[in-house]
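For reference, run_36.cif is printed below; it contains mmCIF, C-alpha atoms.
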data_entry
#
loop_
_atom_site.label_atom_id
_atom_site.label_comp_id
_atom_site.auth_asym_id
_atom_site.auth_seq_id
_atom_site.Cartn_x
_atom_site.Cartn_y
_atom_site.Cartn_z
CA MET L 30 0.00 0.00 0.00
CA ASN L 31 2.73 2.44 0.98
CA ASN L 32 4.70 1.61 -2.17
CA SER L 33 1.59 2.23 -4.29
CA ILE L 34 1.08 5.61 -2.68
CA LEU L 35 4.74 6.49 -3.19
CA ILE L 36 4.65 5.48 -6.85
CA ALA L 37 1.44 7.42 -7.42
CA GLY L 38 2.97 10.45 -5.74
CA LEU L 39 6.08 10.24 -7.90
CA CYS L 40 3.96 9.94 -11.03
CA ILE L 41 1.92 12.99 -10.10
CA THR L 42 5.06 14.96 -9.26
CA GLY L 43 6.64 13.91 -12.54
CA ALA L 44 3.54 14.96 -14.47
CA ILE L 45 3.52 18.35 -12.76
CA VAL L 46 7.21 18.91 -13.49
CA ALA L 47 6.75 17.86 -17.11
CA ALA L 48 3.73 20.15 -17.53
CA ALA L 49 5.65 23.04 -16.01
CA GLY L 50 8.58 22.41 -18.34
CA ILE L 51 6.37 22.27 -21.42
CA SER L 52 4.56 25.44 -20.39
CA ALA L 53 7.84 27.26 -19.79
CA PHE L 54 9.07 26.23 -23.24
CA LEU L 55 5.86 27.40 -24.92
CA ILE L 56 5.67 30.83 -23.27
CA ALA L 57 9.38 31.73 -23.08
CA PRO L 58 10.18 35.11 -24.67
CA GLU L 59 13.46 36.14 -26.27
CA LYS L 60 14.94 38.63 -23.85
CA ALA L 61 16.19 41.70 -25.69
CA SER L 62 19.49 43.36 -24.88
CA LYS L 63 19.54 46.53 -22.80
CA GLU L 64 20.63 48.46 -25.90
CA LYS L 65 17.73 47.13 -27.94
CA ARG L 66 15.21 48.00 -25.24
CA ALA L 67 16.62 51.41 -24.37
CA ALA L 68 14.86 53.55 -27.00
CA PHE L 69 11.45 52.16 -26.06
CA SER L 70 11.64 51.76 -22.28
CA LYS L 71 9.97 54.02 -19.72
CA ARG L 72 8.07 55.99 -22.31
CA ASN L 73 4.43 56.81 -22.92
CA TYR L 74 3.00 56.14 -26.39
CA ALA L 75 -0.04 57.92 -27.78
CA HIS L 76 -2.59 55.29 -28.84
CA ARG L 77 -3.36 55.83 -32.55
CA GLY L 78 -1.83 59.27 -32.21
CA LEU L 79 -2.84 62.02 -29.80
CA HIS L 80 -6.56 62.00 -30.50
CA GLU L 81 -9.61 63.05 -28.53
CA ALA L 82 -12.75 61.18 -27.48
CA ASP L 83 -14.84 63.63 -29.51
CA LYS L 84 -12.81 62.66 -32.62
CA ASN L 85 -11.30 66.12 -32.98
CA PRO L 86 -8.80 65.14 -34.22
CA PRO L 87 -9.79 61.53 -34.98
CA GLU L 88 -7.66 58.46 -34.20
CA ASN L 89 -4.97 57.39 -36.69
CA SER L 90 -5.18 60.73 -38.54
CA LEU L 91 -2.27 62.93 -39.57
CA PRO L 92 -3.29 65.71 -37.12
CA ALA L 93 -3.30 63.16 -34.28
CA PHE L 94 0.22 62.03 -35.12
CA ALA L 95 1.41 65.61 -35.62
CA ALA L 96 0.07 66.55 -32.17
CA ALA L 97 1.92 63.64 -30.56
CA ALA L 98 5.17 64.44 -32.35
CA GLU L 99 4.97 68.12 -31.42
CA LEU L 100 4.89 67.20 -27.72
CA GLY L 101 7.55 64.51 -28.07
CA TYR L 102 5.43 61.43 -27.42
CA GLY L 103 6.04 58.11 -29.06
CA VAL L 104 3.04 56.73 -30.93
CA GLU L 105 1.30 53.42 -31.51
CA LEU L 106 -0.38 52.94 -34.88
CA ASP L 107 -2.05 50.24 -36.96
CA VAL L 108 -1.17 49.12 -40.49
CA HIS L 109 -3.24 47.27 -43.09
CA ILE L 110 -2.37 46.36 -46.65
CA THR L 111 -4.72 47.60 -49.37
CA ARG L 112 -5.89 45.71 -52.43
CA ASP L 113 -3.14 47.34 -54.50
CA GLY L 114 -0.38 46.80 -51.94
CA GLU L 115 -0.24 50.15 -50.16
CA LEU L 116 0.19 50.41 -46.37
CA ALA L 117 -2.78 52.24 -44.87
CA VAL L 118 -2.84 53.39 -41.24
CA PHE L 119 -6.22 52.37 -39.85
CA HIS L 120 -7.35 50.27 -36.91
CA ASP L 121 -10.48 48.25 -37.68
CA ASP L 122 -10.68 45.50 -40.26
CA ASN L 123 -14.09 46.83 -41.25
CA LEU L 124 -14.65 50.44 -42.35
CA LYS L 125 -18.12 50.71 -40.81
CA ARG L 126 -17.26 52.33 -37.46
CA ALA L 127 -14.89 54.98 -38.78
CA CYS L 128 -16.10 55.60 -42.32
CA GLY L 129 -19.65 54.26 -42.51
CA LEU L 130 -18.79 51.78 -45.26
CA GLU L 131 -19.48 48.05 -44.98
CA SER L 132 -16.20 46.89 -46.47
CA VAL L 133 -12.67 45.89 -45.47
CA ILE L 134 -9.33 47.54 -46.20
CA GLU L 135 -7.90 44.63 -48.20
CA ASP L 136 -10.81 44.76 -50.66
CA LEU L 137 -10.29 48.40 -51.64
CA SER L 138 -7.54 50.24 -53.50
CA TRP L 139 -5.71 53.22 -52.06
CA ASP L 140 -7.44 55.50 -54.59
CA GLU L 141 -10.78 54.40 -53.14
CA LEU L 142 -9.69 54.54 -49.50
CA LYS L 143 -8.10 57.99 -49.62
CA GLU L 144 -11.46 59.52 -50.53
CA LEU L 145 -13.07 58.32 -47.29
CA LYS L 146 -13.34 60.57 -44.24
CA LEU L 147 -12.77 59.50 -40.63
CA PHE L 148 -15.73 59.81 -38.24
CA GLY L 149 -17.42 62.51 -40.31
CA THR L 150 -14.43 64.88 -40.09
CA GLN L 151 -12.46 66.47 -42.90
CA PHE L 152 -9.57 64.05 -42.32
CA GLY L 153 -8.91 60.81 -44.16
CA MET L 154 -6.74 57.83 -43.35
CA PRO L 155 -3.03 58.27 -44.11
CA LEU L 156 -0.39 56.02 -45.58
CA LEU L 157 2.34 54.75 -43.28
CA SER L 158 4.91 56.78 -45.22
CA GLN L 159 2.91 59.97 -44.59
CA VAL L 160 2.76 59.29 -40.85
CA LEU L 161 6.50 58.72 -40.68
CA ASP L 162 7.10 62.05 -42.43
CA ILE L 163 4.94 63.74 -39.79
CA MET L 164 6.61 61.96 -36.87
CA GLY L 165 10.17 62.78 -37.84
CA GLU L 166 13.03 60.78 -36.35
CA ASN L 167 12.93 61.76 -32.68
CA CYS L 168 9.82 59.92 -31.48
CA PRO L 169 9.72 56.11 -31.32
CA VAL L 170 6.92 54.32 -33.16
CA ILE L 171 5.11 51.09 -32.24
CA ILE L 172 3.63 49.51 -35.37
CA GLU L 173 0.78 47.02 -35.00
CA LEU L 174 0.49 44.87 -38.10
CA LYS L 175 -3.12 43.82 -38.61
CA ARG L 176 -3.65 40.18 -39.55
CA GLY L 177 -5.32 39.33 -42.82
CA SER L 178 -5.06 37.04 -45.83
CA ARG L 179 -1.73 38.56 -47.02
CA ASN L 180 0.39 38.54 -43.88
CA THR L 181 3.69 37.87 -45.64
CA GLU L 182 3.24 40.73 -48.09
CA LEU L 183 2.22 43.03 -45.23
CA CYS L 184 5.35 42.10 -43.25
CA GLU L 185 7.69 42.47 -46.22
CA LYS L 186 6.35 45.87 -47.28
CA THR L 187 6.25 47.22 -43.73
CA TYR L 188 9.83 46.14 -43.17
CA GLU L 189 11.00 47.68 -46.45
CA THR L 190 9.24 50.94 -45.60
CA MET L 191 10.65 51.07 -42.10
CA LYS L 192 14.21 50.40 -43.23
CA LYS L 193 14.07 53.79 -44.95
CA TYR L 194 12.90 55.49 -41.76
CA GLY L 195 15.61 57.10 -39.67
CA GLY L 196 13.78 56.92 -36.35
CA LYS L 197 13.33 54.16 -33.81
CA TYR L 198 10.51 51.67 -34.28
CA CYS L 199 9.30 48.29 -33.11
CA VAL L 200 6.55 45.95 -34.29
CA GLU L 201 3.73 44.02 -32.65
CA SER L 202 0.70 41.96 -33.64
CA PHE L 203 -2.07 39.80 -32.25
CA ASP L 204 -1.11 37.27 -34.91
CA PRO L 205 1.92 35.25 -33.73
CA ARG L 206 2.68 34.34 -37.35
CA ILE L 207 3.39 38.00 -38.06
CA VAL L 208 5.60 38.30 -34.99
CA ALA L 209 7.36 35.09 -36.06
CA TRP L 210 8.02 36.56 -39.51
CA PHE L 211 10.05 39.33 -37.90
CA ARG L 212 11.78 36.82 -35.66
CA HIS L 213 13.10 34.95 -38.68
CA ASN L 214 13.50 37.75 -41.24
CA ALA L 215 14.30 40.85 -39.18
CA PRO L 216 15.66 39.70 -35.81
CA GLU L 217 17.29 43.08 -35.21
CA ILE L 218 13.84 44.67 -34.79
CA LEU L 219 12.27 44.68 -31.33
CA ARG L 220 9.08 42.63 -31.66
CA GLY L 221 6.07 42.12 -29.43
CA GLN L 222 3.09 39.85 -28.96
CA LEU L 223 -0.23 41.60 -28.41
CA ALA L 224 -2.66 39.79 -26.14
CA LYS L 225 -5.42 40.26 -23.61
CA ASP L 226 -7.58 38.18 -21.29
CA PRO L 227 -8.73 35.11 -23.28
CA LYS L 228 -12.36 35.90 -22.35
CA GLU L 229 -11.97 39.31 -23.97
CA MET L 230 -10.29 37.85 -27.05
CA LEU L 231 -13.32 35.62 -27.67
CA LYS L 232 -15.11 38.69 -29.04
CA ASP L 233 -12.78 38.72 -32.06
CA THR L 234 -11.47 35.19 -32.56
CA SER L 235 -12.03 31.48 -31.98
CA LYS L 236 -11.90 29.77 -28.58
CA ILE L 237 -8.69 27.95 -29.46
CA ASN L 238 -6.93 31.09 -30.67
CA ALA L 239 -8.18 33.13 -27.72
CA PHE L 240 -6.89 30.53 -25.26
CA ALA L 241 -3.52 30.09 -27.02
CA VAL L 242 -2.70 33.76 -27.60
CA GLY L 243 -4.29 35.00 -24.36
CA ASN L 244 -2.05 32.60 -22.43
CA LEU L 245 0.97 33.30 -24.68
CA LEU L 246 1.30 29.64 -25.67
CA THR L 247 2.17 30.78 -29.20
CA ASN L 248 5.41 32.35 -27.97
CA CYS L 249 7.15 29.16 -29.08
CA LEU L 250 6.59 30.39 -32.65
CA ALA L 251 7.25 34.09 -32.21
CA ARG L 252 9.62 34.38 -29.21
CA PRO L 253 8.61 38.01 -28.65
CA ASN L 254 10.88 40.51 -26.91
CA PHE L 255 7.91 42.24 -25.28
CA VAL L 256 4.33 41.41 -24.46
CA ALA L 257 1.73 44.16 -24.88
CA TYR L 258 -1.06 42.90 -22.65
CA GLY L 259 -4.42 44.61 -22.21
CA LEU L 260 -5.10 46.19 -18.83
CA GLY L 261 -6.90 44.06 -16.30
CA ARG L 262 -6.61 40.37 -15.51
CA LYS L 263 -3.44 38.59 -16.60
CA PRO L 264 -3.38 34.79 -16.53
CA LEU L 265 -0.62 32.99 -14.68
CA LEU L 266 1.28 32.09 -17.86
CA ALA L 267 1.39 35.72 -18.97
CA ARG L 268 2.84 36.71 -15.62
CA LEU L 269 5.39 33.91 -15.85
CA CYS L 270 6.43 35.08 -19.31
CA GLU L 271 7.15 38.51 -17.88
CA LYS L 272 9.18 36.92 -15.08
CA MET L 273 11.20 35.16 -17.79
CA GLY L 274 12.33 38.49 -19.22
CA ALA L 275 9.67 39.83 -21.59
CA MET L 276 9.32 43.61 -21.57
CA LYS L 277 5.95 44.65 -20.16
CA VAL L 278 3.84 47.03 -22.26
CA ALA L 279 0.41 48.13 -21.00
CA TRP L 280 -2.56 49.22 -23.14
CA VAL L 281 -4.74 51.23 -23.16
CA ALA L 282 -4.12 53.40 -20.09
CA HIS L 283 -6.39 56.31 -19.15
CA ASP L 284 -4.30 57.48 -16.20
CA GLY L 285 -0.74 57.18 -14.95
CA SER L 286 -1.23 54.21 -12.65
CA SER L 287 0.24 51.70 -15.13
CA GLU L 288 3.65 53.35 -15.23
CA LYS L 289 5.01 51.81 -12.02
CA ASP L 290 4.57 48.19 -13.17
CA ASN L 291 5.38 48.39 -16.88
CA ASP L 292 8.32 49.10 -19.17
CA ALA L 293 6.17 51.16 -21.54
CA VAL L 294 2.58 52.42 -21.60
CA ILE L 295 0.21 53.03 -24.51
CA PHE L 296 -2.27 55.74 -23.44
CA GLU L 297 -5.20 57.81 -24.63
CA PHE L 298 -7.39 60.73 -23.54
CA TYR L 299 -4.97 62.25 -21.03
CA ARG L 300 -1.52 63.88 -21.11
CA PRO L 301 1.12 61.92 -19.21
CA SER L 302 4.81 62.76 -19.06
CA ILE L 303 6.79 61.81 -22.15
CA LYS L 304 9.11 59.60 -20.11
CA TYR L 305 8.78 58.19 -16.60
#
Output the file's structure as C-alpha cells, nothing else.
Amino acid sequence: MNNSILIAGLCITGAIVAAAGISAFLIAPEKASKEKRAAFSKRNYAHRGLHEADKNPPENSLPAFAAAAELGYGVELDVHITRDGELAVFHDDNLKRACGLESVIEDLSWDELKELKLFGTQFGMPLLSQVLDIMGENCPVIIELKRGSRNTELCEKTYETMKKYGGKYCVESFDPRIVAWFRHNAPEILRGQLAKDPKEMLKDTSKINAFAVGNLLTNCLARPNFVAYGLGRKPLLARLCEKMGAMKVAWVAHDGSSEKDNDAVIFEFYRPSIKY
C-alpha cells in the first residue's frame, strides 16, 4: 500500500514537473538586450496618435500624429495592406465604425480609400509613409500589423518601408505568425506579442486562438521581446512570461497608474509625461 502511494505520488510529481517544463518552453520570450530595449523603455506612447474622445482630431489621422510628435510622445499605430499593396494606417478590419462603409481595407484600392473621411471629419486615413514624415526621427513608433489574408506581403512591405525610416521603431501583432516573420526575417527589430484576457479575445477570434494567444502559448513560434497585454486580468502564464524576461507594455491606459509596473505604456485621452 505504501509503495503504491509512493509510486502514485512520484507519477503525479513527474507529471507536474513535465507540464511546467512544457509550459515554460511554450511561453518563453526572447529577452532583448539593454541596448535594444533602451529607446522604447519608460516611455508613454499615444494610442493611434494624440486624438480626442470627440474625434477632434480623430484616431490614426495625420493631425493626431502631428500633435503627438509636437509634444515629443512616441506613438502606436495600426497598419493594413490595401488591395493594391499600399500600407494604410487604420485600426479596424471593417470600415463601418470609422467611415460608414461596410467593407474591409484589403478589398479596396488606395485610390478608393483615400477619398473616405474618418468619423465625419475632414480628415482621411493616411499612408504609413505619410505618418513617418509627420513623426520625424525623434519619437519612437510602435507599429501594430493587422492580420489578414496577405500577412507575408504586409510584413515584407512594412519592413521595407521602415528600413528607410531614420527613427526608432518596433513591431507588434495579435497574430503570432506575423511576430514570427520578424523573428526569422528581421531579428534586429524589437518585436512584441499583443494579447489580452482570453475571455476578452473571444469577441474577435475562436476559442482555441483566444486561449492560445491569451495565455501566450504561441510564444514558441514568435519568441517576442515584449508582451503588450491589455489592462486588467493577466493569466498565470502571462505573468510567468514577464518573469522570464519579456518587456511589459500596457494598453490602453487612461491614467498614470500603469507606469510603475510596466516598461512602456500606450495611453489615450490624457496627457502623461513623455518619459517616466
- Item | Pairwise distance for CA of Ile134 (chain L) and CA of Asp122 (chain L), rounded to one decimal in Å |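 If I compute the distance from CA of Ile134 (chain L) to CA of Asp122 (chain L), I get 6.4 Å.
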Determine, using all atoms listed in the file, which residues of region 91-156 of chain L have any atom at most 7 Å from an atom of region 58-75 of chain L, and tabulate each with its shortest atom pair and distance in Å to one decimal place, rows ordered by chain and then rising number, as a Markdown table.
| residue | atom | partner | partner_atom | distance |
| --- | --- | --- | --- | --- |
| L:Ala97 | CA | L:Ala75 | CA | 6.7 |
| L:Tyr102 | CA | L:Tyr74 | CA | 5.9 |
| L:Gly103 | CA | L:Tyr74 | CA | 4.5 |
| L:Val104 | CA | L:Ala75 | CA | 4.6 |
| L:Glu105 | CA | L:Ala75 | CA | 6.0 |
- Task: Extract, using all atoms listed in the file, all DNA, RNA and protein residues at most 10 Å from region 227-235 of chain L, discarding same-chain residues fewer than 6 positions from it, and format them as number ranges by chain.
- Result: L: 203, 241-245, 259, 262-264
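If you measure from each of L:Pro87, L:Val160, L:Phe54, L:Val108 to Glu297 (chain L) using only C-alpha atoms, the closest one turns out to be L:Pro87.
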- Restricting the calculation to all atoms listed in the file, which member of L:Val281, L:Thr181, L:Glu173, L:Arg206 is positioned closest to Lys225 (chain L)?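 Residue with the minimum atom-to-atom distance to Lys225 (chain L): L:Val281.
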